[in-house]
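Engineer: Provided herewith is a single structure, encoded as structure tokens, for subsequent inquiry.
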Amino acid sequence: MSSTITNTREPSTSTHKELDNSKNQKDIIQSMHENIIMILAFVKRIEGRLDGVEAQLQSGITVNTKINNDILSLLPMKIVLDVEDIETKFTTDTNFKSKMRNVIFRIGGTNSKNFIKRTLQRFFTNELSTKYTWTGFRQHNHLRGLQIIEIIKEISMNTFSSTETDFETHVKDWFRHGSQRFGREKK
């Protein structure tokens with residue numbers, strides 16, 4: 001009778017080992033699956049960055065590592081006349097647009113919204129932002145069509161693969177809140 005009990009335990013031990021092996025295999029497969037997902041996410045991020053680099057190369061944007069002090073001395077623009085002066089320089093100086101692209105491109109950002117916010121903060125004071133709207137509504141100055149805005153849009157759309165609508169929305173939002181920022185700045 002004891003031999004019968006022993007025989008029933010052996011298959012049980014064997015089955016237990018098979019279950020352990022099966023569980024280990026499931027754990028290994030689960031771990032491999034998680035690693036594959038992480039690798040795919042990493043590859044997608046790299047692909048996005050490569051798309052940005054490719055877009056820059058195709059658009060002819062040259063990244064100049066030397067900071068252009070002539071342009072930086074004009075920033076941030078404090079009054080409407082400063083904006084008009086910069087817009088005039090686009091037509092009078094043939095290299096100005098290229099230099100401006102390099103300065104704007106060097107600002108960088110983590111995504112389209114962040115890039116637009118960082119760029120506008122460097123170019124417009126909060127006080128000046130209260131004097132502009134996208135369409136010039138209520139006797140404000142208009143942003144749409146300004147060369148500086150067009151360059152920011154071009155870089156944003158090429159670098160972050162954003163749409164024109166996204167760009168306009170982020171710019172409108174930033175200028176819409178200009179009076180709040182200016183009010184806090186004065187306190």
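Residues in the structure tokens are named by chain (A, B, ... in the order shown) and by number from 1 within that chain; ligands are numbered from 1 in the order shown.
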Would you tabulate, counting only C-alpha atoms, all residues of segment 126-145 of chain A that have an atom at most 12 Å from an atom of segment 157-171 of chain A, showing the closest pair of atoms and their distance in Å to one decimal, sorted by chain then ascending number, as CSV?

Structural biologist:
residue,atom,partner,partner_atom,distance
A:Ser129,CA,A:Val171,CA,10.6
A:Tyr132,CA,A:Val171,CA,10.7
A:Thr133,CA,A:Val171,CA,9.1
A:Trp134,CA,A:Val171,CA,7.9
A:Thr135,CA,A:Glu168,CA,10.9
A:His142,CA,A:Val171,CA,11.9
A:Leu143,CA,A:Val171,CA,9.1
A:Arg144,CA,A:Glu168,CA,8.9
A:Gly145,CA,A:Glu168,CA,11.6

Engineer: Keeping N, CA and C atoms for every residue in the selection just given, could you write it to a file as an mmCIF file, in the first residue's frame?

Structural biologist:
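Below is the file that was written, result.cif:
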data_model
loop_
_atom_site.group_PDB
_atom_site.id
_atom_site.type_symbol
_atom_site.label_atom_id
_atom_site.label_comp_id
_atom_site.auth_asym_id
_atom_site.auth_seq_id
_atom_site.Cartn_x
_atom_site.Cartn_y
_atom_site.Cartn_z
ATOM 1 N N SER A 129 3.649 91.589 -25.632
ATOM 2 C CA SER A 129 2.679 90.556 -26.024
ATOM 3 C C SER A 129 1.239 91.022 -25.821
ATOM 4 N N TYR A 132 -0.397 92.573 -29.176
ATOM 5 C CA TYR A 132 -0.537 91.756 -30.383
ATOM 6 C C TYR A 132 -1.623 90.699 -30.220
ATOM 7 N N THR A 133 -2.319 90.438 -31.327
ATOM 8 C CA THR A 133 -3.208 89.283 -31.441
ATOM 9 C C THR A 133 -2.946 88.650 -32.801
ATOM 10 N N TRP A 134 -3.474 87.464 -33.007
ATOM 11 C CA TRP A 134 -3.216 86.753 -34.256
ATOM 12 C C TRP A 134 -3.735 87.537 -35.463
ATOM 13 N N THR A 135 -4.942 88.097 -35.344
ATOM 14 C CA THR A 135 -5.556 88.793 -36.483
ATOM 15 C C THR A 135 -5.547 90.307 -36.347
ATOM 16 N N HIS A 142 -1.257 92.821 -35.659
ATOM 17 C CA HIS A 142 -1.475 91.428 -36.062
ATOM 18 C C HIS A 142 -0.160 90.662 -36.142
ATOM 19 N N LEU A 143 -0.247 89.394 -35.765
ATOM 20 C CA LEU A 143 0.914 88.496 -35.818
ATOM 21 C C LEU A 143 0.961 87.726 -37.127
ATOM 22 N N ARG A 144 -0.215 87.352 -37.615
ATOM 23 C CA ARG A 144 -0.279 86.531 -38.825
ATOM 24 C C ARG A 144 0.402 87.261 -39.972
ATOM 25 N N GLY A 145 1.318 86.580 -40.611
ATOM 26 C CA GLY A 145 2.016 87.163 -41.752
ATOM 27 C C GLY A 145 3.349 87.807 -41.414
#

Engineer: Write out as a count of residues only each polymer residue whose atoms come within 8 Å of Ile152 of chain A, counting only C-alpha atoms; drop sequence neighbours fewer than 6 positions from it.

Structural biologist: 4

Engineer: Restricting the calculation to only C-alpha atoms, which member of A:Met38, A:Thr125, A:Ser112, A:Lys89 is positioned closest to Asp70 of chain A?

Structural biologist: A:Lys89

Engineer: Please report, as CSV, each residue of segment 128-163 of chain A lying at most 10 Å from segment 94-100 of chain A, together with the nearest pair of atoms and the separation in Å rounded to one decimal; use only C-alpha atoms, and order rows by chain and ascending residue number.

Structural biologist:
residue,atom,partner,partner_atom,distance
A:Gln147,CA,A:Lys97,CA,8.7
A:Ile148,CA,A:Met100,CA,8.1
A:Ile151,CA,A:Met100,CA,8.1
A:Ile152,CA,A:Met100,CA,9.5

Engineer: Could you pull out the strand (DSSP E) residues of segment 34-151 of chain A, going by DSSP on the backbone, and write them as a PyMOL selection string?

Structural biologist: chain A and resi 132-133+141-142

Engineer: Next, the residues of the selection above should be written as a PDB file, in the first residue's frame with C-alpha atoms.

Structural biologist:
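Output contents, as saved in out00.pdb:
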ATOM      1  CA  TYR A 132      -0.537  91.756 -30.383  1.00  0.00           C
ATOM      2  CA  THR A 133      -3.208  89.283 -31.441  1.00  0.00           C
ATOM      3  CA  ASN A 141      -1.157  94.632 -34.066  1.00  0.00           C
ATOM      4  CA  HIS A 142      -1.475  91.428 -36.062  1.00  0.00           C
TER       5      HIS A 142
END

Engineer: Nearest to Asp82 of chain A: which of A:Gln180, A:Phe124, A:Phe175, A:Arg118 is it, counting only C-alpha atoms?

Structural biologist: A:Phe124

Engineer: Tell me, in Å to one decimal, how far atom CA of Glu47 of chain A is from atom CA of Ile29 of chain A.

Structural biologist: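 Between atom CA of Glu47 of chain A and atom CA of Ile29 of chain A the gap is 26.4 Å.
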
Engineer: I'd like the neighbourhood of Asn69 of chain A as an NGL selection string, where a residue qualifies if any of its atoms comes within 10 Å (using only C-alpha atoms), though same-chain residues fewer than 5 positions away should be ignored.

Structural biologist: :A and (74-75 or 103)

Engineer: Taking C-alpha atoms for each residue, export the selection above as a PDB file, in the first residue's frame.

Structural biologist:
ATOM      1  CA  LEU A  74      17.740  92.939 -30.611  1.00  0.00           C
ATOM      2  CA  LEU A  75      15.983  90.540 -28.245  1.00  0.00           C
ATOM      3  CA  VAL A 103      18.999  81.707 -33.604  1.00  0.00           C
TER       4      VAL A 103
END

Engineer: Have a look at atom CA of Lys117 of chain A and atom CA of Asp173 of chain A and let me know their distance in Å, one decimal.

Structural biologist: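 Computing the Euclidean distance for atom CA of Lys117 of chain A and atom CA of Asp173 of chain A yields 9.6 Å.
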
Engineer: Would you pick out the contacts of Phe182 of chain A at 8 Å or less, using only C-alpha atoms, so that residues sharing its chain but fewer than 3 positions from it are not included, and give the list as a list in words?

Structural biologist: Asn126, Glu127, Thr130, Gly178, Ser179, Glu185 and Lys186 of chain A

Engineer: Go ahead and compute the interatomic distance for atom CA of Glu84 of chain A and atom CA of Arg181 of chain A, in Å to one decimal.

Structural biologist: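 If I compute the distance from atom CA of Glu84 of chain A to atom CA of Arg181 of chain A, I get 23.0 Å.
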